[in-house]
$ cat work_19.txt   # compact mmCIF, C-alpha atoms and all ligand atoms
# COMPACT_ATOMS: atom_id res chain seq x y z
CA MET V 121 22.96 21.17 -8.92
CA LYS V 122 20.65 21.59 -5.93
CA ILE V 123 17.67 19.42 -4.96
CA PHE V 124 15.23 20.51 -2.24
CA ALA V 125 13.06 17.97 -0.40
CA TYR V 126 9.78 18.60 1.45
CA GLY V 127 8.10 16.67 4.24
CA ILE V 128 11.21 14.72 5.23
CA ARG V 129 10.39 12.51 8.23
CA ASP V 130 12.94 11.44 10.83
CA ASP V 131 12.75 7.84 9.58
CA GLU V 132 13.78 9.02 6.09
CA LYS V 133 16.92 10.83 7.27
CA PRO V 134 19.29 7.81 7.26
CA ALA V 135 18.33 7.04 3.64
CA LEU V 136 18.69 10.71 2.73
CA GLN V 137 22.14 10.92 4.33
CA GLY V 138 23.16 7.74 2.50
CA TRP V 139 22.14 9.28 -0.82
CA GLU V 140 23.97 12.55 -0.05
CA THR V 141 27.16 10.65 0.77
CA ALA V 142 26.94 8.78 -2.53
CA HIS V 143 26.34 12.06 -4.46
CA PRO V 144 28.75 14.63 -2.98
CA GLU V 145 28.52 16.74 -6.15
CA ILE V 146 24.84 17.51 -5.52
CA GLU V 147 23.68 20.01 -2.94
CA VAL V 148 20.75 18.72 -0.90
CA ALA V 149 18.50 20.78 1.35
CA TYR V 150 15.30 19.70 3.04
CA THR V 151 12.53 20.63 5.45
CA GLN V 152 9.99 18.67 7.49
CA GLU V 153 7.34 21.10 6.25
CA LEU V 154 4.99 20.03 3.48
CA LEU V 155 4.93 21.84 0.13
CA THR V 156 2.59 24.85 0.22
CA THR V 157 2.51 28.16 -1.66
CA GLU V 158 4.43 29.61 1.31
CA SER V 159 7.06 26.89 1.72
CA ALA V 160 7.64 26.79 -2.07
CA LYS V 161 9.82 29.89 -1.58
CA GLU V 162 12.28 27.79 0.42
CA ALA V 163 13.19 25.93 -2.77
CA ALA V 164 14.46 29.16 -4.40
CA GLY V 165 17.71 28.46 -6.20
CA SER V 166 17.06 24.71 -6.45
CA ASP V 167 16.82 22.75 -9.69
CA GLY V 168 14.25 20.25 -8.53
CA VAL V 169 12.05 19.27 -5.60
CA VAL V 170 11.36 15.91 -3.97
CA VAL V 171 7.99 15.58 -2.23
CA TYR V 172 5.60 13.22 -0.39
CA GLN V 173 2.29 14.40 1.04
CA GLN V 174 -1.42 13.69 1.00
CA LEU V 175 -2.19 17.41 0.84
CA PRO V 176 -3.10 18.44 -2.70
CA TYR V 177 -0.50 19.86 -5.08
CA THR V 178 -2.72 22.70 -6.32
CA ARG V 179 -2.26 25.01 -9.30
CA GLU V 180 -1.21 27.75 -6.86
CA ILE V 181 1.49 25.55 -5.33
CA LEU V 182 2.79 24.48 -8.74
CA GLN V 183 2.74 28.13 -9.86
CA ALA V 184 4.72 29.10 -6.75
CA LEU V 185 7.40 26.53 -7.69
CA ALA V 186 7.37 27.70 -11.31
CA ASP V 187 7.89 31.27 -10.04
CA GLU V 188 11.11 29.99 -8.47
CA GLY V 189 12.10 28.52 -11.85
CA ILE V 190 11.31 24.93 -10.82
CA HIS V 191 9.39 22.78 -13.30
CA GLN V 192 9.83 19.29 -11.93
CA LEU V 193 8.32 17.31 -9.08
CA SER V 194 9.75 13.98 -7.88
CA LEU V 195 7.33 12.06 -5.66
CA ARG V 196 8.68 9.63 -3.07
CA ASN V 197 5.39 7.67 -3.31
CA VAL V 198 3.24 6.25 -6.11
CA GLY V 199 -0.05 8.18 -6.09
CA ILE V 200 -0.44 11.19 -8.38
CA ASP V 201 -4.16 11.68 -7.72
CA ASN V 202 -3.53 14.73 -5.49
CA ILE V 203 -1.67 16.64 -8.24
CA ASP V 204 -3.54 19.18 -10.40
CA LEU V 205 -2.28 17.53 -13.58
CA LYS V 206 -3.93 20.06 -15.89
CA ALA V 207 -2.03 22.87 -14.17
CA ALA V 208 1.16 20.78 -14.09
CA LYS V 209 0.91 20.23 -17.84
CA GLU V 210 0.24 23.90 -18.58
CA LEU V 211 3.21 24.90 -16.41
CA GLY V 212 5.45 22.34 -18.15
CA PHE V 213 6.15 20.15 -15.11
CA LYS V 214 8.04 16.88 -15.39
CA ILE V 215 6.79 14.44 -12.74
CA SER V 216 8.24 11.21 -11.42
CA ASN V 217 6.97 8.75 -8.82
CA VAL V 218 8.24 5.56 -7.19
CA ALA V 219 5.92 2.82 -8.40
CA ALA V 220 7.79 -0.17 -6.99
CA TYR V 221 9.73 0.57 -3.83
CA SER V 222 9.52 -2.89 -2.26
CA PRO V 223 6.70 -5.25 -3.21
CA ASN V 224 8.17 -7.63 -0.62
CA ALA V 225 7.36 -5.22 2.20
CA ILE V 226 3.65 -5.40 1.40
CA ALA V 227 3.58 -9.11 0.49
CA GLU V 228 5.44 -10.11 3.67
CA HIS V 229 3.04 -8.07 5.77
CA ALA V 230 0.06 -9.82 4.17
CA ALA V 231 1.61 -13.25 4.75
CA ILE V 232 2.55 -12.50 8.36
CA GLN V 233 -0.87 -11.11 9.22
CA LEU V 234 -2.63 -14.02 7.51
CA ALA V 235 -0.54 -16.50 9.50
CA ARG V 236 -1.38 -14.58 12.68
CA VAL V 237 -5.12 -14.78 11.96
CA LEU V 238 -4.81 -18.52 11.29
CA ARG V 239 -2.92 -19.05 14.58
CA ARG V 240 -5.36 -16.77 16.47
CA SER V 241 -2.42 -14.70 17.68
CA LYS V 242 -4.52 -11.75 18.82
CA GLU V 243 -6.52 -13.96 21.21
CA LEU V 244 -3.48 -15.92 22.35
CA ASP V 245 -1.37 -12.77 22.95
CA ALA V 246 -4.23 -11.28 25.03
CA LYS V 247 -4.42 -14.47 27.11
CA VAL V 248 -0.66 -14.59 27.66
CA ALA V 249 -0.64 -10.90 28.64
CA LYS V 250 -3.16 -11.81 31.38
CA HIS V 251 -0.93 -14.77 32.39
CA ASP V 252 -3.56 -17.24 31.17
CA LEU V 253 -1.24 -19.85 29.69
CA ARG V 254 -3.80 -22.52 28.83
CA TRP V 255 -3.87 -23.90 25.26
CA ALA V 256 -7.60 -24.32 24.70
CA PRO V 257 -9.63 -23.06 23.05
CA THR V 258 -7.09 -21.13 20.99
CA ILE V 259 -6.24 -23.87 18.50
CA GLY V 260 -4.75 -22.64 15.23
CA ARG V 261 -4.81 -23.62 11.58
CA GLU V 262 -1.81 -24.24 9.29
CA VAL V 263 -1.04 -22.12 6.26
CA ARG V 264 -0.23 -25.24 4.19
CA MET V 265 -3.76 -26.54 4.68
CA GLN V 266 -5.25 -23.44 3.02
CA THR V 267 -6.16 -22.75 -0.56
CA VAL V 268 -5.29 -19.09 -1.00
CA GLY V 269 -6.92 -17.13 -3.83
CA ILE V 270 -4.75 -14.26 -5.04
CA ILE V 271 -6.65 -11.59 -6.97
CA GLY V 272 -4.14 -9.56 -8.97
CA THR V 273 -0.81 -11.14 -9.89
CA GLY V 274 1.15 -7.91 -10.32
CA ARG V 275 4.30 -7.04 -8.39
CA ILE V 276 2.88 -7.63 -4.90
CA GLY V 277 0.56 -10.54 -5.67
CA ARG V 278 3.42 -12.51 -7.27
CA VAL V 279 5.75 -12.07 -4.28
CA LEU V 280 2.95 -13.16 -1.95
CA ILE V 281 2.41 -16.29 -4.07
CA GLN V 282 6.12 -17.19 -3.66
CA ILE V 283 6.02 -16.62 0.10
CA LEU V 284 2.85 -18.68 0.59
CA GLN V 285 4.18 -21.47 -1.61
CA GLY V 286 7.12 -21.60 0.82
CA PHE V 287 4.60 -22.39 3.55
CA GLY V 288 3.09 -25.09 1.34
CA ALA V 289 -0.26 -23.39 0.68
CA LYS V 290 -2.23 -24.22 -2.45
CA ILE V 291 -2.52 -21.13 -4.64
CA VAL V 292 -5.22 -20.21 -7.10
CA ALA V 293 -4.95 -16.89 -8.90
CA TYR V 294 -6.95 -14.55 -11.07
CA ASP V 295 -5.87 -11.54 -13.09
CA ILE V 296 -7.39 -9.80 -16.07
CA PHE V 297 -3.89 -9.96 -17.64
CA LYS V 298 -2.13 -13.28 -17.13
CA ASN V 299 1.50 -13.25 -16.00
CA PRO V 300 3.51 -15.83 -17.99
CA ASP V 301 5.32 -17.26 -14.92
CA ILE V 302 2.12 -17.73 -12.94
CA ASP V 303 0.43 -19.15 -16.04
CA LYS V 304 3.28 -21.64 -16.54
CA GLN V 305 2.73 -22.86 -12.98
CA GLY V 306 -0.94 -23.46 -13.85
CA LEU V 307 -2.21 -21.31 -11.00
CA TYR V 308 -4.85 -19.31 -12.85
CA VAL V 309 -8.54 -20.01 -12.62
CA ASP V 310 -10.80 -18.62 -15.33
CA SER V 311 -13.02 -16.36 -13.26
CA LEU V 312 -13.31 -14.61 -9.93
CA ASP V 313 -16.34 -16.80 -9.18
CA GLU V 314 -14.14 -19.89 -9.49
CA LEU V 315 -11.52 -18.32 -7.22
CA TYR V 316 -14.15 -17.43 -4.61
CA ALA V 317 -15.59 -20.97 -4.69
CA GLN V 318 -12.21 -22.67 -4.18
CA SER V 319 -10.43 -20.40 -1.70
CA ASP V 320 -10.19 -20.62 2.09
CA VAL V 321 -8.36 -17.28 2.04
CA ILE V 322 -8.84 -14.46 -0.47
CA SER V 323 -6.14 -11.80 -0.79
CA VAL V 324 -6.67 -8.83 -3.07
CA HIS V 325 -3.81 -7.01 -4.85
CA VAL V 326 -5.45 -4.86 -7.52
CA PRO V 327 -5.57 -1.07 -7.93
CA SER V 328 -8.62 0.90 -6.81
CA VAL V 329 -9.77 1.83 -10.30
CA LYS V 330 -13.48 2.48 -10.90
CA GLU V 331 -14.33 -1.12 -11.86
CA ASN V 332 -12.69 -2.53 -8.73
CA ILE V 333 -14.29 -0.28 -6.13
CA HIS V 334 -16.31 -2.39 -3.66
CA MET V 335 -15.51 -5.57 -5.61
CA LEU V 336 -15.56 -7.31 -2.22
CA ASN V 337 -19.21 -6.85 -1.33
CA LYS V 338 -22.18 -8.95 -0.23
CA GLU V 339 -22.63 -10.51 -3.67
CA SER V 340 -18.99 -11.59 -4.01
CA ILE V 341 -18.77 -12.65 -0.34
CA ALA V 342 -21.86 -14.86 -0.86
CA LYS V 343 -19.85 -16.78 -3.48
CA MET V 344 -17.02 -17.50 -1.02
CA LYS V 345 -16.66 -20.58 1.19
CA ASP V 346 -18.26 -20.38 4.62
CA GLY V 347 -15.62 -19.22 7.09
CA ALA V 348 -13.33 -17.67 4.45
CA ILE V 349 -10.65 -15.18 5.51
CA LEU V 350 -10.20 -11.89 3.64
CA VAL V 351 -6.87 -10.11 3.29
CA ASN V 352 -6.83 -6.52 2.06
CA VAL V 353 -3.48 -4.74 2.11
CA ALA V 354 -4.25 -3.04 -1.22
CA ARG V 355 -6.83 -0.23 -0.99
CA GLY V 356 -9.67 0.35 1.46
CA ASP V 357 -12.32 1.06 -1.16
CA LEU V 358 -11.91 -2.39 -2.74
CA MET V 359 -14.10 -3.63 0.14
CA ASP V 360 -17.61 -2.56 1.05
CA THR V 361 -16.78 -2.29 4.75
CA ASP V 362 -20.41 -2.62 5.92
CA ASP V 363 -20.84 -5.82 3.89
CA VAL V 364 -17.58 -7.22 5.29
CA ILE V 365 -18.68 -6.44 8.86
CA ALA V 366 -22.05 -8.14 8.24
CA ALA V 367 -20.20 -11.22 6.96
CA LEU V 368 -17.93 -11.25 10.04
CA ASP V 369 -21.04 -10.98 12.23
CA SER V 370 -22.75 -13.91 10.51
CA GLY V 371 -19.58 -16.05 10.49
CA LYS V 372 -19.53 -16.19 6.68
CA LEU V 373 -16.08 -14.63 7.06
CA SER V 374 -13.98 -16.07 9.89
CA GLY V 375 -11.23 -13.49 9.77
CA LEU V 376 -10.01 -10.25 8.21
CA VAL V 377 -6.63 -8.67 7.63
CA MET V 378 -6.87 -5.00 6.76
CA ASP V 379 -4.00 -2.55 6.32
CA VAL V 380 -6.21 -0.09 4.49
CA TYR V 381 -9.61 1.43 5.21
CA GLU V 382 -12.08 3.33 3.05
CA ASN V 383 -12.01 6.38 5.33
CA GLU V 384 -8.40 6.16 6.44
CA VAL V 385 -7.28 9.66 5.37
CA GLY V 386 -7.04 11.85 8.47
CA ILE V 387 -7.41 8.82 10.79
CA PHE V 388 -4.38 6.63 10.05
CA ASN V 389 -0.92 7.87 11.05
CA GLU V 390 -2.36 9.91 13.95
CA ASP V 391 -2.21 9.21 17.70
CA TRP V 392 -5.78 8.88 19.05
CA GLU V 393 -4.79 7.70 22.52
CA GLY V 394 -6.74 9.67 25.13
CA LYS V 395 -8.81 11.40 22.44
CA LYS V 396 -12.30 10.72 21.10
CA PHE V 397 -11.83 8.09 18.38
CA PRO V 398 -13.33 9.51 15.17
CA ASP V 399 -14.77 6.36 13.56
CA ALA V 400 -17.02 3.93 15.46
CA ARG V 401 -17.01 1.36 12.64
CA LEU V 402 -13.20 1.21 12.63
CA ALA V 403 -13.13 1.02 16.44
CA ASP V 404 -15.47 -1.98 16.22
CA LEU V 405 -13.18 -3.72 13.71
CA ILE V 406 -10.07 -3.03 15.80
CA ALA V 407 -11.77 -4.59 18.85
CA ARG V 408 -12.60 -7.90 17.13
CA PRO V 409 -10.37 -10.86 18.01
CA ASN V 410 -10.42 -12.22 14.45
CA VAL V 411 -9.65 -8.90 12.71
CA LEU V 412 -6.15 -7.51 12.38
CA VAL V 413 -6.03 -3.81 11.58
CA THR V 414 -2.79 -2.00 10.75
CA PRO V 415 -2.70 1.70 9.78
CA HIS V 416 -1.40 1.41 6.18
CA THR V 417 2.00 0.23 7.41
CA ALA V 418 2.48 -2.72 5.05
CA PHE V 419 4.94 -0.62 3.05
CA TYR V 420 6.67 0.84 6.09
CA THR V 421 10.06 -0.87 6.19
CA THR V 422 13.58 0.52 6.17
CA LYS V 423 14.17 -0.99 2.70
CA ALA V 424 11.02 0.53 1.21
CA VAL V 425 11.71 3.96 2.73
CA LEU V 426 15.29 3.82 1.40
CA GLU V 427 14.02 3.01 -2.11
CA MET V 428 11.44 5.82 -1.96
CA VAL V 429 14.11 8.37 -1.02
CA HIS V 430 16.85 7.12 -3.34
CA GLN V 431 14.69 6.56 -6.42
CA SER V 432 13.00 9.98 -6.08
CA PHE V 433 16.34 11.82 -5.73
CA ASP V 434 17.76 9.84 -8.67
CA ALA V 435 14.75 10.87 -10.77
CA ALA V 436 15.13 14.54 -9.75
CA VAL V 437 18.76 14.48 -10.90
CA ALA V 438 17.85 12.70 -14.14
CA PHE V 439 15.28 15.41 -14.92
CA VAL V 440 17.89 18.14 -14.43
CA ASN V 441 20.40 16.25 -16.59
CA GLY V 442 17.77 15.56 -19.25
CA THR V 443 18.43 11.81 -19.02
CA GLU V 444 15.76 9.11 -19.02
CA THR V 445 14.30 7.74 -15.80
CA ARG V 446 12.05 4.68 -15.53
CA ASN V 447 10.06 6.60 -12.92
CA THR V 448 8.80 9.37 -15.22
CA VAL V 449 5.01 9.72 -14.99
CA LYS V 450 3.40 9.90 -18.42
CA TYR V 451 0.41 12.18 -18.10
N1 LIG P 501 -0.66 -1.23 1.97
C1 LIG P 501 0.37 -0.66 1.38
O1 LIG P 501 1.25 -0.12 2.08
C2 LIG P 501 0.49 -0.67 -0.12
C3 LIG P 501 1.70 -0.25 -0.71
C4 LIG P 501 1.84 -0.31 -2.10
C5 LIG P 501 0.79 -0.71 -2.90
N2 LIG P 501 -0.40 -1.07 -2.34
C6 LIG P 501 -1.53 -1.49 -3.20
O2 LIG P 501 -1.34 -2.84 -3.60
C7 LIG P 501 -2.08 -3.08 -4.81
C8 LIG P 501 -1.25 -3.87 -5.82
O3 LIG P 501 -0.05 -3.17 -6.14
P1 LIG P 501 1.00 -3.75 -7.21
O4 LIG P 501 2.21 -2.89 -7.13
O5 LIG P 501 1.11 -5.22 -7.09
O6 LIG P 501 0.21 -3.40 -8.56
P2 LIG P 501 0.47 -3.97 -10.03
O7 LIG P 501 0.00 -2.90 -10.95
O8 LIG P 501 1.84 -4.51 -10.17
O9 LIG P 501 -0.56 -5.22 -10.11
C9 LIG P 501 -1.93 -5.08 -10.09
C10 LIG P 501 -2.51 -6.25 -10.87
O10 LIG P 501 -3.92 -6.25 -10.70
C11 LIG P 501 -4.50 -6.68 -11.92
N3 LIG P 501 -5.93 -6.31 -11.90
C12 LIG P 501 -6.47 -5.07 -11.96
N4 LIG P 501 -7.82 -5.17 -11.83
C13 LIG P 501 -8.11 -6.49 -11.65
C14 LIG P 501 -9.31 -7.21 -11.44
N5 LIG P 501 -10.49 -6.60 -11.37
N6 LIG P 501 -9.23 -8.55 -11.31
C15 LIG P 501 -8.06 -9.18 -11.38
N7 LIG P 501 -6.88 -8.55 -11.58
C16 LIG P 501 -6.92 -7.21 -11.72
C17 LIG P 501 -3.66 -6.02 -12.98
O11 LIG P 501 -3.80 -6.66 -14.24
C18 LIG P 501 -2.25 -6.19 -12.38
O12 LIG P 501 -1.64 -7.40 -12.80
C19 LIG P 501 -2.52 -1.69 -5.28
O13 LIG P 501 -3.87 -1.49 -4.87
C20 LIG P 501 -1.66 -0.75 -4.50
O14 LIG P 501 -2.29 0.50 -4.34
C21 LIG P 501 -0.56 -1.07 -0.97

$ encode --input "work_19.txt" --output "structure tokens"
Amino acid sequence: MKIFAYGIRDDEKPALQGWETAHPEIEVAYTQELLTTESAKEAAGSDGVVVYQQLPYTREILQALADEGIHQLSLRNVGIDNIDLKAAKELGFKISNVAAYSPNAIAEHAAIQLARVLRRSKELDAKVAKHDLRWAPTIGREVRMQTVGIIGTGRIGRVLIQILQGFGAKIVAYDIFKNPDIDKQGLYVDSLDELYAQSDVISVHVPSVKENIHMLNKESIAKMKDGAILVNVARGDLMDTDDVIAALDSGKLSGLVMDVYENEVGIFNEDWEGKKFPDARLADLIARPNVLVTPHTAFYTTKAVLEMVHQSFDAAVAFVNGTETRNTVKY
């Protein structure tokens, strides 16, 4: 059996080598190139392909794979929105993704960044870098003194609750589907309005489905406590960025953690040093002392990358063997 992988980054190679060592019976080949109609030819003779890219998987690309006798696609990431699913169905493609590679990676990042905002780390680090070692006025706040509102108690939201409880924070939570463990702990409030009213910090962990787009906007922010802190390591379009900036300007929001941005595609994961920065609004956010921007790196840990590589290769093999995989995408 042969599996061919596209878009392999240097940081994925240790995980890939680990998987190869554990599966000596399977031939593995890979390229750093992304999957295109041209590069599809490189997979000739393979039984399955493993992929990860933001570029679309078009009908033409899927057809090019099918022409090589390949009818399966194993994603190393979650999102399937860039796949032409109609074409995939017509061409008989089996698709897998990796839905849960490491919820801890994202939850830890949210907790760390929140603690940094509370301790005013960005201001303090800048002072220390200039050898200004005075304490005032950079006094911090403690996590345990905060009521943190968690919107979405799925995989990531639940890990974040555990982490913040370790700090001693008070948690209130809201989800349209209650999780029995969180319910047993009595953490749920009945409405988002109640969560907004009670929380010093609001952290959002829901998918960017139609109903959730711009759920954090001027109306919802108006319902929050004065000086609330927002944490968004979920999806950029959950926030109306202009409304959030207006609330930071007025002091309604006292801090923001953002790992995601509405217009991040083509901007994040690029080096802009020495070049004209493409987005003035993002530049403004990055410059603010009470805003912590990271370029969608909450997931980016060695453990998460290992899971993405290993689970996608496992799924590719399962497809060839005709065995079940929990990562099959039903579409
Ligand atoms: N920054 C990163 O690197 C990164 C990595 C992975 C995932 N994410 C994002 O994190 C978010 C959460 O992921 P997850 O794996 O925990 O998802 P999940 O599916 O396990 O949980 C999502 C939860 O949100 C709830 N929900 C949906 N709409 C809601 C609403 N309007 N109000 C309240 N609850 C609602 C669902 O019932 C579910 O319990 C997603 O947006 C995902 O895209 C970000």

$ residues_near_ligand --input "work_19.txt" --ligand "ligand LIG 501 (chain P)" --cutoff "9 Å" --atoms "all atoms listed in the file" --output "PyMOL selection string"
chain V and resi 197-199+219-223+225-227+229-230+270-279+293-299+311-312+324-329+331-332+335+352-356+358+378-380+415-420

$ write_last_selection --input "work_19.txt" --atoms "C-alpha atoms" --output "mmCIF file, in the coordinates of the input"
data_model
loop_
_atom_site.group_PDB
_atom_site.id
_atom_site.type_symbol
_atom_site.label_atom_id
_atom_site.label_comp_id
_atom_site.auth_asym_id
_atom_site.auth_seq_id
_atom_site.Cartn_x
_atom_site.Cartn_y
_atom_site.Cartn_z
ATOM 1 C CA ASN V 197 5.390 7.670 -3.310
ATOM 2 C CA VAL V 198 3.240 6.250 -6.110
ATOM 3 C CA GLY V 199 -0.050 8.180 -6.090
ATOM 4 C CA ALA V 219 5.920 2.820 -8.400
ATOM 5 C CA ALA V 220 7.790 -0.170 -6.990
ATOM 6 C CA TYR V 221 9.730 0.570 -3.830
ATOM 7 C CA SER V 222 9.520 -2.890 -2.260
ATOM 8 C CA PRO V 223 6.700 -5.250 -3.210
ATOM 9 C CA ALA V 225 7.360 -5.220 2.200
ATOM 10 C CA ILE V 226 3.650 -5.400 1.400
ATOM 11 C CA ALA V 227 3.580 -9.110 0.490
ATOM 12 C CA HIS V 229 3.040 -8.070 5.770
ATOM 13 C CA ALA V 230 0.060 -9.820 4.170
ATOM 14 C CA ILE V 270 -4.750 -14.260 -5.040
ATOM 15 C CA ILE V 271 -6.650 -11.590 -6.970
ATOM 16 C CA GLY V 272 -4.140 -9.560 -8.970
ATOM 17 C CA THR V 273 -0.810 -11.140 -9.890
ATOM 18 C CA GLY V 274 1.150 -7.910 -10.320
ATOM 19 C CA ARG V 275 4.300 -7.040 -8.390
ATOM 20 C CA ILE V 276 2.880 -7.630 -4.900
ATOM 21 C CA GLY V 277 0.560 -10.540 -5.670
ATOM 22 C CA ARG V 278 3.420 -12.510 -7.270
ATOM 23 C CA VAL V 279 5.750 -12.070 -4.280
ATOM 24 C CA ALA V 293 -4.950 -16.890 -8.900
ATOM 25 C CA TYR V 294 -6.950 -14.550 -11.070
ATOM 26 C CA ASP V 295 -5.870 -11.540 -13.090
ATOM 27 C CA ILE V 296 -7.390 -9.800 -16.070
ATOM 28 C CA PHE V 297 -3.890 -9.960 -17.640
ATOM 29 C CA LYS V 298 -2.130 -13.280 -17.130
ATOM 30 C CA ASN V 299 1.500 -13.250 -16.000
ATOM 31 C CA SER V 311 -13.020 -16.360 -13.260
ATOM 32 C CA LEU V 312 -13.310 -14.610 -9.930
ATOM 33 C CA VAL V 324 -6.670 -8.830 -3.070
ATOM 34 C CA HIS V 325 -3.810 -7.010 -4.850
ATOM 35 C CA VAL V 326 -5.450 -4.860 -7.520
ATOM 36 C CA PRO V 327 -5.570 -1.070 -7.930
ATOM 37 C CA SER V 328 -8.620 0.900 -6.810
ATOM 38 C CA VAL V 329 -9.770 1.830 -10.300
ATOM 39 C CA GLU V 331 -14.330 -1.120 -11.860
ATOM 40 C CA ASN V 332 -12.690 -2.530 -8.730
ATOM 41 C CA MET V 335 -15.510 -5.570 -5.610
ATOM 42 C CA ASN V 352 -6.830 -6.520 2.060
ATOM 43 C CA VAL V 353 -3.480 -4.740 2.110
ATOM 44 C CA ALA V 354 -4.250 -3.040 -1.220
ATOM 45 C CA ARG V 355 -6.830 -0.230 -0.990
ATOM 46 C CA GLY V 356 -9.670 0.350 1.460
ATOM 47 C CA LEU V 358 -11.910 -2.390 -2.740
ATOM 48 C CA MET V 378 -6.870 -5.000 6.760
ATOM 49 C CA ASP V 379 -4.000 -2.550 6.320
ATOM 50 C CA VAL V 380 -6.210 -0.090 4.490
ATOM 51 C CA PRO V 415 -2.700 1.700 9.780
ATOM 52 C CA HIS V 416 -1.400 1.410 6.180
ATOM 53 C CA THR V 417 2.000 0.230 7.410
ATOM 54 C CA ALA V 418 2.480 -2.720 5.050
ATOM 55 C CA PHE V 419 4.940 -0.620 3.050
ATOM 56 C CA TYR V 420 6.670 0.840 6.090
#

$ closest_residue --input "work_19.txt" --among "V:Thr141, V:Asn389, V:Ser340, V:Ser374" --to "V:Gln174" --atoms "only C-alpha atoms"
V:Asn389

$ closest_residue --input "work_19.txt" --among "V:Val237, V:Ile123, V:Leu253, V:Val385" --to "V:Ser194" --atoms "all atoms listed in the file"
V:Ile123

$ atom_distance --input "work_19.txt" --atom1 "atom CA of V:Ile322" --atom2 "atom CA of V:Ser370"
17.7 Å

$ residues_near_point --input "work_19.txt" --point "(-15.1, -16.4, -6.8)" --cutoff "12 Å" --atoms "all atoms listed in the file" --output "PyMOL selection string"
chain V and resi 268-271+292-294+309-324+335-337+339-345+348

$ write_last_selection --input "work_19.txt" --atoms "C-alpha atoms" --output "compact mmCIF listing (two decimals), in the frame of the given file"
# COMPACT_ATOMS: atom_id res chain seq x y z
CA VAL V 268 -5.29 -19.09 -1.00
CA GLY V 269 -6.92 -17.13 -3.83
CA ILE V 270 -4.75 -14.26 -5.04
CA ILE V 271 -6.65 -11.59 -6.97
CA VAL V 292 -5.22 -20.21 -7.10
CA ALA V 293 -4.95 -16.89 -8.90
CA TYR V 294 -6.95 -14.55 -11.07
CA VAL V 309 -8.54 -20.01 -12.62
CA ASP V 310 -10.80 -18.62 -15.33
CA SER V 311 -13.02 -16.36 -13.26
CA LEU V 312 -13.31 -14.61 -9.93
CA ASP V 313 -16.34 -16.80 -9.18
CA GLU V 314 -14.14 -19.89 -9.49
CA LEU V 315 -11.52 -18.32 -7.22
CA TYR V 316 -14.15 -17.43 -4.61
CA ALA V 317 -15.59 -20.97 -4.69
CA GLN V 318 -12.21 -22.67 -4.18
CA SER V 319 -10.43 -20.40 -1.70
CA ASP V 320 -10.19 -20.62 2.09
CA VAL V 321 -8.36 -17.28 2.04
CA ILE V 322 -8.84 -14.46 -0.47
CA SER V 323 -6.14 -11.80 -0.79
CA VAL V 324 -6.67 -8.83 -3.07
CA MET V 335 -15.51 -5.57 -5.61
CA LEU V 336 -15.56 -7.31 -2.22
CA ASN V 337 -19.21 -6.85 -1.33
CA GLU V 339 -22.63 -10.51 -3.67
CA SER V 340 -18.99 -11.59 -4.01
CA ILE V 341 -18.77 -12.65 -0.34
CA ALA V 342 -21.86 -14.86 -0.86
CA LYS V 343 -19.85 -16.78 -3.48
CA MET V 344 -17.02 -17.50 -1.02
CA LYS V 345 -16.66 -20.58 1.19
CA ALA V 348 -13.33 -17.67 4.45

$ residues_around --input "work_19.txt" --residues "V:Met121" --least-positions-apart "6" --cutoff "12 Å" --atoms "only C-alpha atoms" --output "ChimeraX atom specification"
/V:143-149,165-169,433,436-441

$ closest_residue --input "work_19.txt" --among "V:Asp201, V:Glu210, V:Asp357, V:Glu243" --to "V:Tyr381" --atoms "all atoms listed in the file"
V:Asp357

$ closest_residue --input "work_19.txt" --among "V:Pro257, V:Leu402, V:Pro409, V:Ala160" --to "V:Glu180" --atoms "only C-alpha atoms"
V:Ala160

$ atom_distance --input "work_19.txt" --atom1 "atom CA of V:Arg261" --atom2 "atom CA of V:Arg239"
5.8 Å

$ atom_distance --input "work_19.txt" --atom1 "atom CA of V:Ile387" --atom2 "atom CA of V:Asp399"
8.2 Å

$ closest_residue --input "work_19.txt" --among "V:Glu228, V:Lys133, V:Phe124, V:Asp301" --to "V:Leu193" --atoms "only C-alpha atoms"
V:Phe124

$ closest_residue --input "work_19.txt" --among "V:Ala186, V:Ile291, V:Tyr451, V:Asp404" --to "V:Leu205" --atoms "only C-alpha atoms"
V:Tyr451

$ residues_around --input "work_19.txt" --residues "V:Asp363" --least-positions-apart "2" --cutoff "6 Å" --atoms "all atoms listed in the file" --output "ChimeraX atom specification"
/V:337-338,360-361,365-366

$ write_last_selection --input "work_19.txt" --atoms "C-alpha atoms" --output "compact mmCIF listing (two decimals), in the frame of the given file"
# COMPACT_ATOMS: atom_id res chain seq x y z
CA ASN V 337 -19.21 -6.85 -1.33
CA LYS V 338 -22.18 -8.95 -0.23
CA ASP V 360 -17.61 -2.56 1.05
CA THR V 361 -16.78 -2.29 4.75
CA ILE V 365 -18.68 -6.44 8.86
CA ALA V 366 -22.05 -8.14 8.24

$ residues_around --input "work_19.txt" --residues "V:Gln192" --least-positions-apart "3" --cutoff "6 Å" --atoms "only C-alpha atoms" --output "PyMOL selection string"
chain V and resi 168+213-215

$ residues_around --input "work_19.txt" --residues "V:Tyr177" --least-positions-apart "6" --cutoff "12 Å" --atoms "only C-alpha atoms" --output "VMD selection string"
chain V and resid 154 to 157 160 171 183 to 185 193 195 199 to 208 215

$ residues_around --input "work_19.txt" --residues "V:Lys242" --least-positions-apart "4" --cutoff "12 Å" --atoms "all atoms listed in the file" --output "list in words"
Gln233, Leu234, Ala235, Arg236, Val237, Leu238, Ala246, Lys247, Val248, Ala249, Thr258, Gly260, Gly375, Val377, Ile406, Ala407, Arg408, Pro409, Asn410, Val411, Leu412 and Val413 of chain V
